[in-house]
$ cat entry-v8.cif   # mmCIF, C-alpha atoms and all ligand atoms; chains and numbers go by the auth columns
data_my_file
#
loop_
_atom_site.group_PDB
_atom_site.id
_atom_site.type_symbol
_atom_site.label_atom_id
_atom_site.label_comp_id
_atom_site.label_asym_id
_atom_site.label_seq_id
_atom_site.Cartn_x
_atom_site.Cartn_y
_atom_site.Cartn_z
_atom_site.B_iso_or_equiv
_atom_site.auth_seq_id
_atom_site.auth_asym_id
ATOM 1 C CA MET A 1 -19.905 3.385 -22.747 0.00 25 A
ATOM 2 C CA LEU A 2 -16.267 3.033 -21.767 0.00 26 A
ATOM 3 C CA ARG A 3 -15.360 4.438 -18.368 0.00 27 A
ATOM 4 C CA TYR A 4 -12.012 4.873 -16.618 0.00 28 A
ATOM 5 C CA VAL A 5 -10.671 4.770 -13.088 0.00 29 A
ATOM 6 C CA ASN A 6 -7.507 6.845 -12.693 0.00 30 A
ATOM 7 C CA VAL A 7 -4.838 5.901 -10.184 0.00 31 A
ATOM 8 C CA ARG A 8 -1.649 7.712 -9.176 0.00 32 A
ATOM 9 C CA THR A 9 0.769 5.138 -7.776 0.00 33 A
ATOM 10 C CA LYS A 10 3.440 6.111 -5.275 0.00 34 A
ATOM 11 C CA ASN A 11 5.865 3.176 -5.259 0.00 35 A
ATOM 12 C CA ARG A 12 7.806 1.021 -7.696 0.00 36 A
ATOM 13 C CA THR A 13 5.705 -1.982 -6.692 0.00 37 A
ATOM 14 C CA GLU A 14 2.270 -1.358 -5.248 0.00 38 A
ATOM 15 C CA PHE A 15 -1.239 -2.834 -5.220 0.00 39 A
ATOM 16 C CA VAL A 16 -4.042 -0.254 -5.176 0.00 40 A
ATOM 17 C CA ASP A 17 -7.512 -1.351 -4.044 0.00 41 A
ATOM 18 C CA ILE A 18 -9.937 -0.112 -6.737 0.00 42 A
ATOM 19 C CA THR A 19 -12.976 -2.146 -5.632 0.00 43 A
ATOM 20 C CA HIS A 20 -14.993 0.864 -4.467 0.00 44 A
ATOM 21 C CA ASP A 21 -14.157 2.902 -7.590 0.00 45 A
ATOM 22 C CA ILE A 22 -15.384 0.050 -9.790 0.00 46 A
ATOM 23 C CA GLN A 23 -18.528 -0.479 -7.685 0.00 47 A
ATOM 24 C CA ASN A 24 -19.291 3.266 -7.923 0.00 48 A
ATOM 25 C CA ILE A 25 -19.132 3.075 -11.730 0.00 49 A
ATOM 26 C CA VAL A 26 -21.412 0.018 -11.706 0.00 50 A
ATOM 27 C CA THR A 27 -23.876 1.857 -9.431 0.00 51 A
ATOM 28 C CA GLU A 28 -23.809 5.000 -11.625 0.00 52 A
ATOM 29 C CA SER A 29 -24.498 2.859 -14.712 0.00 53 A
ATOM 30 C CA GLY A 30 -27.839 1.776 -13.261 0.00 54 A
ATOM 31 C CA ILE A 31 -27.269 -1.728 -14.640 0.00 55 A
ATOM 32 C CA MET A 32 -28.543 -4.323 -12.163 0.00 56 A
ATOM 33 C CA ASN A 33 -27.468 -7.548 -13.873 0.00 57 A
ATOM 34 C CA GLY A 34 -24.630 -8.031 -16.314 0.00 58 A
ATOM 35 C CA LEU A 35 -20.886 -8.178 -16.764 0.00 59 A
ATOM 36 C CA CYS A 36 -18.164 -5.755 -15.747 0.00 60 A
ATOM 37 C CA TYR A 37 -15.083 -5.965 -17.959 0.00 61 A
ATOM 38 C CA LEU A 38 -11.891 -4.503 -16.526 0.00 62 A
ATOM 39 C CA TYR A 39 -8.906 -3.802 -18.752 0.00 63 A
ATOM 40 C CA VAL A 40 -5.521 -2.249 -17.933 0.00 64 A
ATOM 41 C CA PRO A 41 -4.051 -0.513 -21.027 0.00 65 A
ATOM 42 C CA HIS A 42 -0.453 -0.638 -19.769 0.00 66 A
ATOM 43 C CA THR A 43 2.533 -2.940 -20.318 0.00 67 A
ATOM 44 C CA THR A 44 4.046 -2.731 -16.830 0.00 68 A
ATOM 45 C CA ALA A 45 0.901 -2.889 -14.680 0.00 69 A
ATOM 46 C CA ALA A 46 -1.770 -5.540 -14.164 0.00 70 A
ATOM 47 C CA ILE A 47 -5.018 -6.334 -12.390 0.00 71 A
ATOM 48 C CA THR A 48 -5.782 -9.016 -9.836 0.00 72 A
ATOM 49 C CA ILE A 49 -8.543 -10.069 -7.461 0.00 73 A
ATOM 50 C CA ASN A 50 -7.367 -11.335 -4.095 0.00 74 A
ATOM 51 C CA GLU A 51 -7.594 -10.956 -0.335 0.00 75 A
ATOM 52 C CA GLY A 52 -8.625 -7.513 0.839 0.00 76 A
ATOM 53 C CA ALA A 53 -8.837 -8.072 4.593 0.00 77 A
ATOM 54 C CA ASP A 54 -5.212 -8.755 5.509 0.00 78 A
ATOM 55 C CA PRO A 55 -2.684 -6.405 3.827 0.00 79 A
ATOM 56 C CA SER A 56 0.017 -9.003 4.520 0.00 80 A
ATOM 57 C CA VAL A 57 -1.340 -11.016 1.588 0.00 81 A
ATOM 58 C CA GLN A 58 -0.629 -8.182 -0.863 0.00 82 A
ATOM 59 C CA ARG A 59 2.816 -7.780 0.672 0.00 83 A
ATOM 60 C CA ASP A 60 3.514 -11.503 0.317 0.00 84 A
ATOM 61 C CA ILE A 61 2.351 -11.607 -3.321 0.00 85 A
ATOM 62 C CA GLN A 62 4.512 -8.589 -4.184 0.00 86 A
ATOM 63 C CA ALA A 63 7.562 -9.939 -2.330 0.00 87 A
ATOM 64 C CA THR A 64 7.231 -13.324 -4.028 0.00 88 A
ATOM 65 C CA LEU A 65 6.894 -11.783 -7.509 0.00 89 A
ATOM 66 C CA ILE A 66 10.013 -9.670 -6.851 0.00 90 A
ATOM 67 C CA LYS A 67 11.886 -12.771 -5.683 0.00 91 A
ATOM 68 C CA LEU A 68 10.790 -14.820 -8.716 0.00 92 A
ATOM 69 C CA ILE A 69 11.310 -11.978 -11.214 0.00 93 A
ATOM 70 C CA PRO A 70 14.064 -9.722 -9.827 0.00 94 A
ATOM 71 C CA PHE A 71 14.417 -6.090 -10.938 0.00 95 A
ATOM 72 C CA ASP A 72 17.901 -6.841 -12.265 0.00 96 A
ATOM 73 C CA GLY A 73 18.407 -9.913 -14.404 0.00 97 A
ATOM 74 C CA ASP A 74 19.750 -11.066 -17.746 0.00 98 A
ATOM 75 C CA TYR A 75 17.306 -8.835 -19.612 0.00 99 A
ATOM 76 C CA HIS A 76 17.880 -7.290 -23.051 0.00 100 A
ATOM 77 C CA HIS A 77 15.147 -4.604 -23.015 0.00 101 A
ATOM 78 C CA ARG A 78 16.988 -1.282 -22.944 0.00 102 A
ATOM 79 C CA GLU A 79 14.390 0.630 -20.937 0.00 103 A
ATOM 80 C CA GLY A 80 15.527 -1.384 -17.909 0.00 104 A
ATOM 81 C CA ASN A 81 12.084 -2.427 -16.720 0.00 105 A
ATOM 82 C CA SER A 82 11.792 -5.945 -18.105 0.00 106 A
ATOM 83 C CA SER A 83 10.865 -7.351 -14.690 0.00 107 A
ATOM 84 C CA ALA A 84 7.769 -5.113 -14.737 0.00 108 A
ATOM 85 C CA HIS A 85 6.811 -6.254 -18.258 0.00 109 A
ATOM 86 C CA ILE A 86 7.154 -9.900 -17.219 0.00 110 A
ATOM 87 C CA LYS A 87 5.084 -9.427 -14.032 0.00 111 A
ATOM 88 C CA SER A 88 2.372 -7.668 -16.068 0.00 112 A
ATOM 89 C CA THR A 89 2.170 -10.606 -18.448 0.00 113 A
ATOM 90 C CA ILE A 90 2.100 -13.210 -15.675 0.00 114 A
ATOM 91 C CA VAL A 91 -0.515 -11.462 -13.512 0.00 115 A
ATOM 92 C CA GLY A 92 -2.588 -10.342 -16.511 0.00 116 A
ATOM 93 C CA ILE A 93 -4.299 -7.168 -17.659 0.00 117 A
ATOM 94 C CA SER A 94 -7.985 -8.044 -17.688 0.00 118 A
ATOM 95 C CA LYS A 95 -10.758 -9.434 -15.511 0.00 119 A
ATOM 96 C CA VAL A 96 -14.483 -9.996 -15.800 0.00 120 A
ATOM 97 C CA VAL A 97 -16.707 -9.647 -12.718 0.00 121 A
ATOM 98 C CA PHE A 98 -20.410 -10.546 -12.657 0.00 122 A
ATOM 99 C CA ILE A 99 -22.982 -7.943 -11.606 0.00 123 A
ATOM 100 C CA GLU A 100 -26.069 -9.110 -9.704 0.00 124 A
ATOM 101 C CA ASP A 101 -28.642 -6.782 -8.128 0.00 125 A
ATOM 102 C CA GLY A 102 -26.394 -3.815 -8.922 0.00 126 A
ATOM 103 C CA ARG A 103 -23.432 -5.224 -6.983 0.00 127 A
ATOM 104 C CA LEU A 104 -20.123 -6.715 -8.099 0.00 128 A
ATOM 105 C CA VAL A 105 -20.155 -10.429 -7.313 0.00 129 A
ATOM 106 C CA LEU A 106 -17.085 -10.800 -5.114 0.00 130 A
ATOM 107 C CA GLY A 107 -16.325 -13.182 -2.278 0.00 131 A
ATOM 108 C CA THR A 108 -16.284 -11.872 1.271 0.00 132 A
ATOM 109 C CA TRP A 109 -12.503 -11.531 1.280 0.00 133 A
ATOM 110 C CA GLN A 110 -12.001 -10.486 -2.330 0.00 134 A
ATOM 111 C CA SER A 111 -10.902 -7.036 -3.492 0.00 135 A
ATOM 112 C CA ILE A 112 -9.876 -5.798 -6.938 0.00 136 A
ATOM 113 C CA TYR A 113 -6.340 -4.443 -7.236 0.00 137 A
ATOM 114 C CA LEU A 114 -4.468 -2.406 -9.807 0.00 138 A
ATOM 115 C CA CYS A 115 -0.973 -3.899 -9.670 0.00 139 A
ATOM 116 C CA GLU A 116 1.835 -1.409 -10.195 0.00 140 A
ATOM 117 C CA PHE A 117 5.164 -2.938 -11.207 0.00 141 A
ATOM 118 C CA ASP A 118 7.026 0.118 -12.559 0.00 142 A
ATOM 119 C CA GLY A 119 5.866 3.059 -10.504 0.00 143 A
ATOM 120 C CA PRO A 120 5.342 5.643 -9.511 0.00 144 A
ATOM 121 C CA ARG A 121 3.138 6.425 -12.508 0.00 145 A
ATOM 122 C CA HIS A 122 -0.298 7.541 -13.556 0.00 146 A
ATOM 123 C CA ARG A 123 -2.422 4.502 -14.409 0.00 147 A
ATOM 124 C CA ARG A 124 -5.928 3.981 -15.663 0.00 148 A
ATOM 125 C CA ILE A 125 -8.294 1.048 -15.768 0.00 149 A
ATOM 126 C CA ALA A 126 -10.846 0.835 -18.588 0.00 150 A
ATOM 127 C CA ILE A 127 -14.289 -0.442 -17.595 0.00 151 A
ATOM 128 C CA LYS A 128 -17.040 -1.697 -19.863 0.00 152 A
ATOM 129 C CA ILE A 129 -20.342 -2.705 -18.319 0.00 153 A
ATOM 130 C CA VAL A 130 -22.653 -4.905 -20.347 0.00 154 A
ATOM 131 C CA LYS A 131 -26.271 -5.566 -19.412 0.00 155 A
ATOM 132 C CA ASP A 132 -27.716 -9.098 -19.378 0.00 156 A
ATOM 133 C CA GLY A 133 -30.045 -10.054 -22.195 0.00 157 A
HETATM 134 ZN ZN ZN B . 9.899 -1.197 -20.984 0.00 1 B
#
$ encode --input "entry-v8.cif" --output "structure tokens"
Amino acid sequence: MLRYVNVRTKNRTEFVDITHDIQNIVTESGIMNGLCYLYVPHTTAAITINEGADPSVQRDIQATLIKLIPFDGDYHHREGNSSAHIKSTIVGISKVVFIEDGRLVLGTWQSIYLCEFDGPRHRRIAIKIVKDG
């Protein structure tokens, strides 16, 4: 079954920690061992797994992406949000996380983030959980 996490972003660029929402869906599924596929069906958002303890890391990643791919550049796309499309492609729109003993297998410092690059908007993350064997 396909499930969704819905997120309402508040800023043009923002990382939203969705780790607990994903874990809740895994727990509700009752699947103890398997794979959790995460997919972002948007062209100006992305998903990443990175440090969840120090918010400065998210800030630094966002600031560096903005520096590398500025909002205004020699872009042809008429909607005016090419920088967001490019960031989405570079960061990526899917992840797979292992499930063991009913828990997402993440490192101590890892969290899962929806990456907003053209907010504020309503976003959703599609989740497919597949059982081992
Ligand atoms: Zn566009």
$ residues_near_ligand --input "entry-v8.cif" --ligand "ligand ZN 1 (chain B)" --cutoff "8 Å" --atoms "all atoms listed in the file" --output "list of chain:residue names"
A:Thr67, A:Thr68, A:His101, A:Arg102, A:Glu103, A:Gly104, A:Asn105, A:Ser106, A:Ala108, A:His109
$ residues_around --input "entry-v8.cif" --residues "A:Lys155" --least-positions-apart "5" --cutoff "12 Å" --atoms "all atoms listed in the file" --output "ChimeraX atom specification"
/A:25,50,53-61,122-126
$ resolve_selection --input "entry-v8.cif" --expression "the PyMOL selection byres (((chain A and resi 145) around 6) and not hetatm)" --output "list in words"
Arg32, Thr33, Gly143, Pro144 and His146 of chain A
$ closest_residue --input "entry-v8.cif" --among "A:Ser112, A:Ser118, A:Gln134, A:Ser80" --to "A:Lys152" --atoms "only C-alpha atoms"
A:Ser118
$ closest_residue --input "entry-v8.cif" --among "A:Leu138, A:Val129, A:Leu89, A:Val81" --to "A:Ala69" --atoms "only C-alpha atoms"
A:Leu138
$ axis_aligned_box --input "entry-v8.cif" --around "stretch 102-107 of chain A" --padding-each-side "5 Å" --output "JSON"
{"center_x": 13.9, "center_y": -3.4, "center_z": -18.8, "size_x": 16.1, "size_y": 18.0, "size_z": 18.3}
$ residues_around --input "entry-v8.cif" --residues "A:Lys34" --least-positions-apart "3" --cutoff "12 Å" --atoms "only C-alpha atoms" --output "ChimeraX atom specification"
/A:31,37-40,139-147
$ atom_distance --input "entry-v8.cif" --atom1 "atom CA of A:Ile110" --atom2 "atom CA of A:Gln47"
29.0 Å
$ resolve_selection --input "entry-v8.cif" --expression "the PyMOL selection byres (((chain A and resi 28) around 8) and not hetatm)" --output "VMD selection string"
chain A and resid 26 to 27 29 to 30 148 to 151
$ closest_residue --input "entry-v8.cif" --among "A:Asp41, A:Glu75, A:Glu52, A:Thr88" --to "A:Thr132" --atoms "only C-alpha atoms"
A:Glu75
$ atom_distance --input "entry-v8.cif" --atom1 "atom CA of A:His44" --atom2 "atom CA of A:Ser107"
29.0 Å
$ resolve_selection --input "entry-v8.cif" --expression "the PyMOL selection byres (((chain A and resi 135) around 8) and not hetatm)" --output "list in words"
Asp41, Ile42, Thr43, Ile73, Asn74, Glu75, Gly76, Leu130, Trp133, Gln134, Ile136 and Tyr137 of chain A
$ atom_distance --input "entry-v8.cif" --atom1 "atom CA of A:Gln86" --atom2 "atom CA of A:Lys119"
19.0 Å
